[in-house]
Structures are given as C-alpha cells and as structure tokens.
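Undergrad: First the structure, then my questions, so here it is.
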Amino acid sequence: MLQRNFMTWASTIRSLCVDSRHNEALSFFHHCLKDSAAFKPDHEVLAAILKSCSALLASNLGKCLHSYVVKQGHVSCHVTSKALLNMYAKCGMLDDCHKLFDQFGRCDPVIWNIVLSGYSRSGKNDADVMKVFRAMHSSGEVMPSSVTIATVLPVCARSGNLNGGKSVHGYVIKSGFEMDTFAGNALVSMYAKCGLVACDAYAVFDSIIHKDVVSWNAMIAGLAENGLLKEAFSLFSLMMKGSVKPNYATVANILPVCASFDENIAHRCGRQIHSYVLQWPELSADVSVCNALLSFYLKVGRTKEAESLFWAMDARDLVSWNTIIAGYALNGEWLKSLHVFGNLVSLEMLLLDSVTMVSILPACAQLDNLQAGKQVHAYILRHPFLFEDTSAGNALVSFYAKCGYIEEAYHTFSMISRKDLISWNSILDAFGEKRHHSRFLSLLHVMLKLDIRPDSVTILTIIHFCASLLRVKKVKEIHGYSIRSGSLLCATAPTVGNAILDAYSKCGNIEYANKMFQNLSEKRNLVTCNSLISGYVGLGSHYDANMIFSGMSETDLTTWNLMVRVYAENDCPEQALELFLKLQTQGMKPDVVTIMSLIPVCTQMASVHLLRQCHGYIIRSSFEDLHLKGTLLDAYAKCGIIGYAYKIFQSSVDKDLVMFTAMIGGYAMHGMSEKALETFSHMLNMGIKPDHVIFTSILSACSHAGRIAEGLKIFDSIEKIHGMKPTIEQFACVVDLLARGGHVSEAYSFVTKIPIEANANIWGTLLGACKTYHEVELGRIVADKLFKIEANDIGNYIVLSNLYAADDRWDGVMEVRKMMRNKDLKKPAGCSWIEVERTNNIFVVGDCSHPQRNLIYSTLCTLDQQVKEPMEF
C-alpha cells in the first residue's frame, strides 16, 4: 500500500483470517508492525491474528502476541483473552491454558468449553475433561451448553466411560437438551461407540425432532461399527427417502457396509451410490467421496472400475494413491501396485507417508523384488519422519523376512527406535519360519525381560515354533501361559485354542489334543475339528478320524482332503475313493491336495483307469504343481506304464529333485538301470543336489541290474563327494548289491563293519542271498542274528527252511518247523488282483467266490492241457 491507512490494514488482516488465509494474515500483520511503529492493532485484530496462530499451531508466535497483549493493556479484554485461551488450548499448551483460565474472573460457557476442548483434543487428559466438566456444573456460575455436551461425550466414548456418559445424558434430560440436535447427535455417537447401539443409541436418535445429516451419519456409522450391517443399510435407504440429503461422510460410512455384502449385491449397491454421487457436483468433486468409492471397488475386487475412477479423478491426494496401491496388492495385482507406486514417486508433488510404505512393501515381498524393496528402504532413510515411524520399520522387517533375508530383517528391527509389539512379533515370526531356534528363544527372553506383554499373535507365533520343533513340553508351557494370561478365554473365536490343539496333534500327543478338543466344546469351529482330524491322520487312525468327521455339522475341502488321505495311507482304497466321489456330490471342487491324496489310491488298486482320470483332471484344472507331477509320474511307473511316466518327466520344464527321484525310482522298479544312471548323471550335471531318497533309488537300480562297480562308486560318493552320512537304507542297498552279485561273504563282511547296527531288512536280504547261493553255514549265522531282531516274521523261517532243504539238511528243516509251531506262525494266504474293464478282480488262495469262477477254471484247465501236450516239430 502506498499510503499508511491503519484502518484498511486492520480490515485486511481480519478479512484474511475470516477467509482462512492464515499464513497471509500472519505475514501481512508482521509487515504492518515492521513498516510502522505507529500501527497499534486493536482487540479485534489481535483476536483474529490469535485465531490464525491457533489454526497454524504457531504456539511460539502466540506466546509473543500474549506478551504484546499484556504490554498494550488488552489483557482485560474478554475477546482477546478468549482468543489467547483458545490458542493455548488448540496448540496443546494445557498448563498455560489452565493458568490463563484461572485469571478469568467470571467465566461464561464459551470459556469453559474452550478449556474442555483443549483437554479433550489432547487424548491423554480424559480424566481432566470430566473433572473440569464437574467443576463447571457445580460452580453455579454457568450452565453447560449443548457444545459442552458435544465436547464431553466423545471423551466418555473414547475412554469407555459408559457411566460418565449416562450421567451426562441425565444432565441433558434435566436441562431440556434432550431434543437438541447437537447434543442428541453426540449422545447417539457415544452410545454407539460404547456398544449400546440397537436400543440406547436408536432411542436417542428417534427422539431428535430435527434430525440433520450428522444425526443420520452418527446412527448409520454406529450400526456399521457394531456389525449391524443390514440395519445400517436399511437406515441409509430410509434416509434417502427423506428430506435430508447425504453428504460426503454418509457416502464414506455406507460404502464399506455395501462392500461387506455378497459380491454381486455389493457391486450393485455400490454402483447405485456411485450413480447418486455423480448427480451432485459437490459430492463427485469431493476427494474423500472419490476415495471412498475407490476403496469400495477395490474391496469387492473390481479393479478395472477402480482404475477408471482413479485416473478420471480431477484431484488426487495421498489417500487416493495409497488406496489404489493397497487395493491392487489386496487383489493380488502386485505388479500394478508397484507400477502405480512408481508413478506416485515420479510426480514428486506429494510427500509419501508411512501408509504408502506399509502398502507397497508387501507387494515387493510378493514379487520377491529385493531391489524395489531396498529403494523403498532408501526413501525411508532419506526422510527422518519415516525413519522414526514404527509402522514403516515393521513393514521393512516383514519385507526382508518374507524375501528370506533374515539378517537384514534383524538389522532393520534393531534400528527401530520405538519398538512396539508388532515389531517383536514380526522378527519372532521371521526367526520361527526360518527355524533359527536359538535366536528365536534369545529374542523372546529379551522381550519378556523388557516387560513387553505378549498378545495372541505372539502366542500363536510361539505355538507354531514349538510345533515345528515337535517339542510337546514347550507346547505345554505355552498352553499354561495362555491359560494364565486369559488368551484362551478372552477371544470369542478359539484361534489360540485351535493352534494349541494343532501343535499337540503335530507332536503326536493325541491325548492332550483330544482334551483340548473337549475343552473347546462351546467354542469349536471348523478349524478345531480339522486340527484333531489332522492329528489322527498323522497317527494313521482312520476310525477315530471318521468319528470326528461324522459328527461335524460343517465341513470344507480341507476336511475331505484329510479324510481321503487317512484312508489312502491306511490301505483303505475303496473308502478313500468313495469319499472322493462324495465330496464332488457336495459341490466341492478337488484341489491339488485332493489329487495328491488320491493318486496313491490308484497304485494301491492298480487302477490305470482311475489314474488316467486323475491325470485328465490335472490337465483340465491347469495344476502346475511339481510335487503333483512327481507323484503322478511315480504312480504311472508303479502301475507298469513307464512310457507315460517318461512323457510327464520330459514335458516338465522345471524339473526338480522330486521329479528326478520319481523318474529314477520308476526306472529302478522296471529294471532299467542304464536309464536310471543316465537320468542321475543328467541331474548332477544340472547342478541339482541329491538327497538320501534319490541315492537309495539309484543304488536299488544298480542292485537289481547287478551293476556292482557303479553301485559301489555311487555309495562312496555319498560321503566323499556330497558330504552326507549314508543311511541304514543305503547300507541295505549295498548289501543287496553285493549279495545279488554272488559276493555273499563280502556282503556279510560289509555288514559287520558298518558304523550303525544292522536292522532286520539287512539281515533278511543277506539270508535270501545265502539261500540263492547255498551258503548254508553263513545262512545259519545270519538267521540267528535275524531271529533276535525279528522273531515273528514267518518269511524268514521259510527262507531258512528252504536253505536247509536245498542242501538236504532235513534235521535243520525239522528244527525250523518246530520253531514255527512253537511260535504259532502261519503263512498268510497269497493274494493277487487285476483290473479288467475298469473292475478290480481279487484272487486269494483257496477262495472260490469269484462270480466268473467257472469260466476262469475252465480256461485254466484248457491252458494246463495245452501246456502238457507234446510239441510238434
């Protein structure tokens, strides 16, 4: 301004404050004071400037103005003093606020309300709010207003002080504020947040004569927050029929309610609300409304609609970007999430917050993109407010752990300055998953020494850790802690109880698992029953598993998979197949686990037809699991179709150890030792490290083909080249290798030198070789060793008897038969079966029950005659 016009200056300052242009107001005020010492702002200008200080939380400038007010003698002015009081209250300077409050002579309701709002806003002085309210009520100077009620009631709700809230409600009724919209809205919100929404909150809502949009929003939000979603939507529908028009908060409240419905219903309701929003420019232009719509579409899995809405928005704030990033991640579109994050960073217009970090880091982990995660980490390190943010640190710990970088995860954890329980849970879970047992226990002890109380997540992590160790003693300890801490009782869902039951089952302690199952009788759910069935599956007890299964009112695919598996693993193929067919009639679709459980049934029944059906289902369902392919390959080999097994092996691009093991085992089974050795050599050339299972398979192939040199070379390589200690099965393979090749004495010498005690399998193999090569004396020595280990296997006695008989040692034969009679050993009846035209035909020695026995015996008689007829030349 060219001329000094103090009145114009004062008017300009007040106008800037009224228009909420607070930075400009403070800047111009400073310019005026600096430009002219004669400028003396009046109480109205000072009050306006103090309002700007409050809005900007400029507490230091506010204090300077307080000194100026005192010097200029405006301290006695009520308008200026109220503005000062309000500034201290909003800036959280409660001590100064209280000191100034004490200097007031007679206080009106506005002054009391300013002090109350200051204490309320801090969130840490809830008791002081009630104390000031009681002082105001008992002072007799002023009566609390509806603004007072609206200030105090949220504090009651926040602190769970229902009795305090009811006392305030009593005052409202006595003071005649019962029908006041402002007070009524606060009461509705208070009762809803305290869980009394259906009766108390609704009764207050119903009593409000002039309901405004806040009234409806409070009631709708209260119903939604308390899980009464249908009621919330019904109330919203009623609101739409009335005269009160929904605002941005209404839309933000109702869209999450819509998202909770069935997918098709949710989408239809959400689109109708979206259509309504588009009819009102003030709603469609509101960023918070667009963000709510964006979040809704992502929650119901409509990413394309969310994408269109996002890019069509006129203005996007950080919430918009965070929502789309997190939404893509929620729907498994990790690459899109990372791409949008890259766009956000490249804009350089918005400063990313901890929500952005927490949203993007899981996407980096899912993509196993270490480079992207490290770049996010670098961004956090460059911004101190993010580096100090605990949630960002926790997200980094989880990211490194999921990518398998445990040391980086631990280093990040150690850098978190204010560790919370989530920090400890994240690092404990990381060490538990990677089986770093000593470090897990060490960290847990440190956490407990720091008096950090574990929550249900910590307890679940510890339970899974104990189960992985198969340490039932440790499971009992955490079980005891869960009881003492109340973790088993406080939750409505038996999550901790189910985890303990599952841990007992995995540790093989079915007695404790059963007791846990009984203790959870009132809280049992589907997981409870599945956990106990899983325990019985581990023990091979299909009868007990079926008892639980039969009593279940609700089942899922996991239940059926467990039952198919328990029957398949316990030689009950018919029951397993029956359950498999039944689960499909229940409308369930078999998954990889189901087929994995059923394929062994095909081999048990020698049913090539069923195996091919399983193979066809795998192809139609596009299952690409390598373990499943390995199992299928193995089944074809066991059913005698090695050509199909080879086709599966060749068609697999990513061959792993399981695939090679299955193929080598198939070749070994079919006596194709050369192919087995070629495949084994190919595997080694690919750099795949062998394990004990594949060594056993290849040694077996060498044994059956009489490849002694190759077999012994491979056996030597187990320890010398691959640094592994041979197992008892591999020692047995070498014994069989030497024995089958006629080197019986060498085989016996080898057995006497092995570093572990020979089992019945080794001595039995050696005894069979003694019979084959008529090593009678050695056979007697071996038999003595064998009978000490396995005294009741009739097969061993028959082999020894046949060995004596072949050498005309009839006294030995009689002695063996006497031993068999004394032990009451009987040879089991021979049994064979064959699948003909999709039907399994079983034949047992002495059994004549086959429906086509006449045709079978007639054909056998014909064949017998043809065999006996002399050959003509």
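Identifiers in the structure tokens: chain A, B, ... in order shown; residue index from 1 per chain; ligand index from 1 in order shown.
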Could you give me the residues within range 648-689 of chain A that DSSP places in helix (DSSP H, G or I), as a PyMOL selection string?

TA: chain A and resi 648-651+657-669+673-685

Undergrad: Residues at most 8 Å from Gly711 in chain A, counting only C-alpha atoms, excluding those fewer than 4 positions away in the same chain, as a ChimeraX atom specification?

TA: /A:698-699,702-703,707,715,734,737

Undergrad: Which neighbours of Met179 in chain A fall inside 12 Å, counting only C-alpha atoms, when residues of the same chain fewer than 3 positions from it are skipped, and could you give them as a PyMOL selection string?

TA: chain A and resi 146+169+172-176+182-187+203-211+215

Undergrad: Let's have the selection written as a PDB file, in the first residue's frame, with C-alpha atoms.

TA:
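So the final result, stored in again-v8.pdb, reads:
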```pdb
ATOM      1  CA  SER A 146     -25.053 -28.285  24.046  1.00  0.00           C
ATOM      2  CA  HIS A 169     -27.294 -37.955  29.465  1.00  0.00           C
ATOM      3  CA  VAL A 172     -29.171 -33.440  29.174  1.00  0.00           C
ATOM      4  CA  ILE A 173     -32.672 -34.634  30.097  1.00  0.00           C
ATOM      5  CA  LYS A 174     -32.869 -32.417  33.206  1.00  0.00           C
ATOM      6  CA  SER A 175     -31.583 -29.367  31.302  1.00  0.00           C
ATOM      7  CA  GLY A 176     -34.028 -29.748  28.418  1.00  0.00           C
ATOM      8  CA  PHE A 182     -26.284 -31.054  18.572  1.00  0.00           C
ATOM      9  CA  ALA A 183     -26.475 -32.818  21.956  1.00  0.00           C
ATOM     10  CA  GLY A 184     -28.582 -35.655  20.526  1.00  0.00           C
ATOM     11  CA  ASN A 185     -26.008 -36.387  17.839  1.00  0.00           C
ATOM     12  CA  ALA A 186     -23.253 -36.602  20.464  1.00  0.00           C
ATOM     13  CA  LEU A 187     -25.351 -38.990  22.583  1.00  0.00           C
ATOM     14  CA  ALA A 203     -33.824 -44.372  21.181  1.00  0.00           C
ATOM     15  CA  VAL A 204     -31.870 -41.077  21.332  1.00  0.00           C
ATOM     16  CA  PHE A 205     -31.788 -40.886  17.533  1.00  0.00           C
ATOM     17  CA  ASP A 206     -35.546 -41.424  17.401  1.00  0.00           C
ATOM     18  CA  SER A 207     -36.117 -38.636  19.946  1.00  0.00           C
ATOM     19  CA  ILE A 208     -34.246 -35.990  17.904  1.00  0.00           C
ATOM     20  CA  ILE A 209     -37.022 -33.929  16.316  1.00  0.00           C
ATOM     21  CA  HIS A 210     -34.918 -32.009  13.793  1.00  0.00           C
ATOM     22  CA  LYS A 211     -32.527 -34.662  12.532  1.00  0.00           C
ATOM     23  CA  SER A 215     -27.718 -37.365  13.116  1.00  0.00           C
TER      24      SER A 215
END
```

Undergrad: Within 12 Å of His436 in chain A, counting only C-alpha atoms, which residues show up once you throw out same-chain ones fewer than 4 positions away? Write them as a ChimeraX atom specification, please.

TA: /A:406-407,410,427-432,440-443,465,468-469

Undergrad: For each of A:Val213, A:Ala329, A:Met219, A:Leu16, take the minimum atom-to-atom distance to Val244 in chain A, counting only C-alpha atoms, then give the residue where this is smallest.

TA: A:Val213
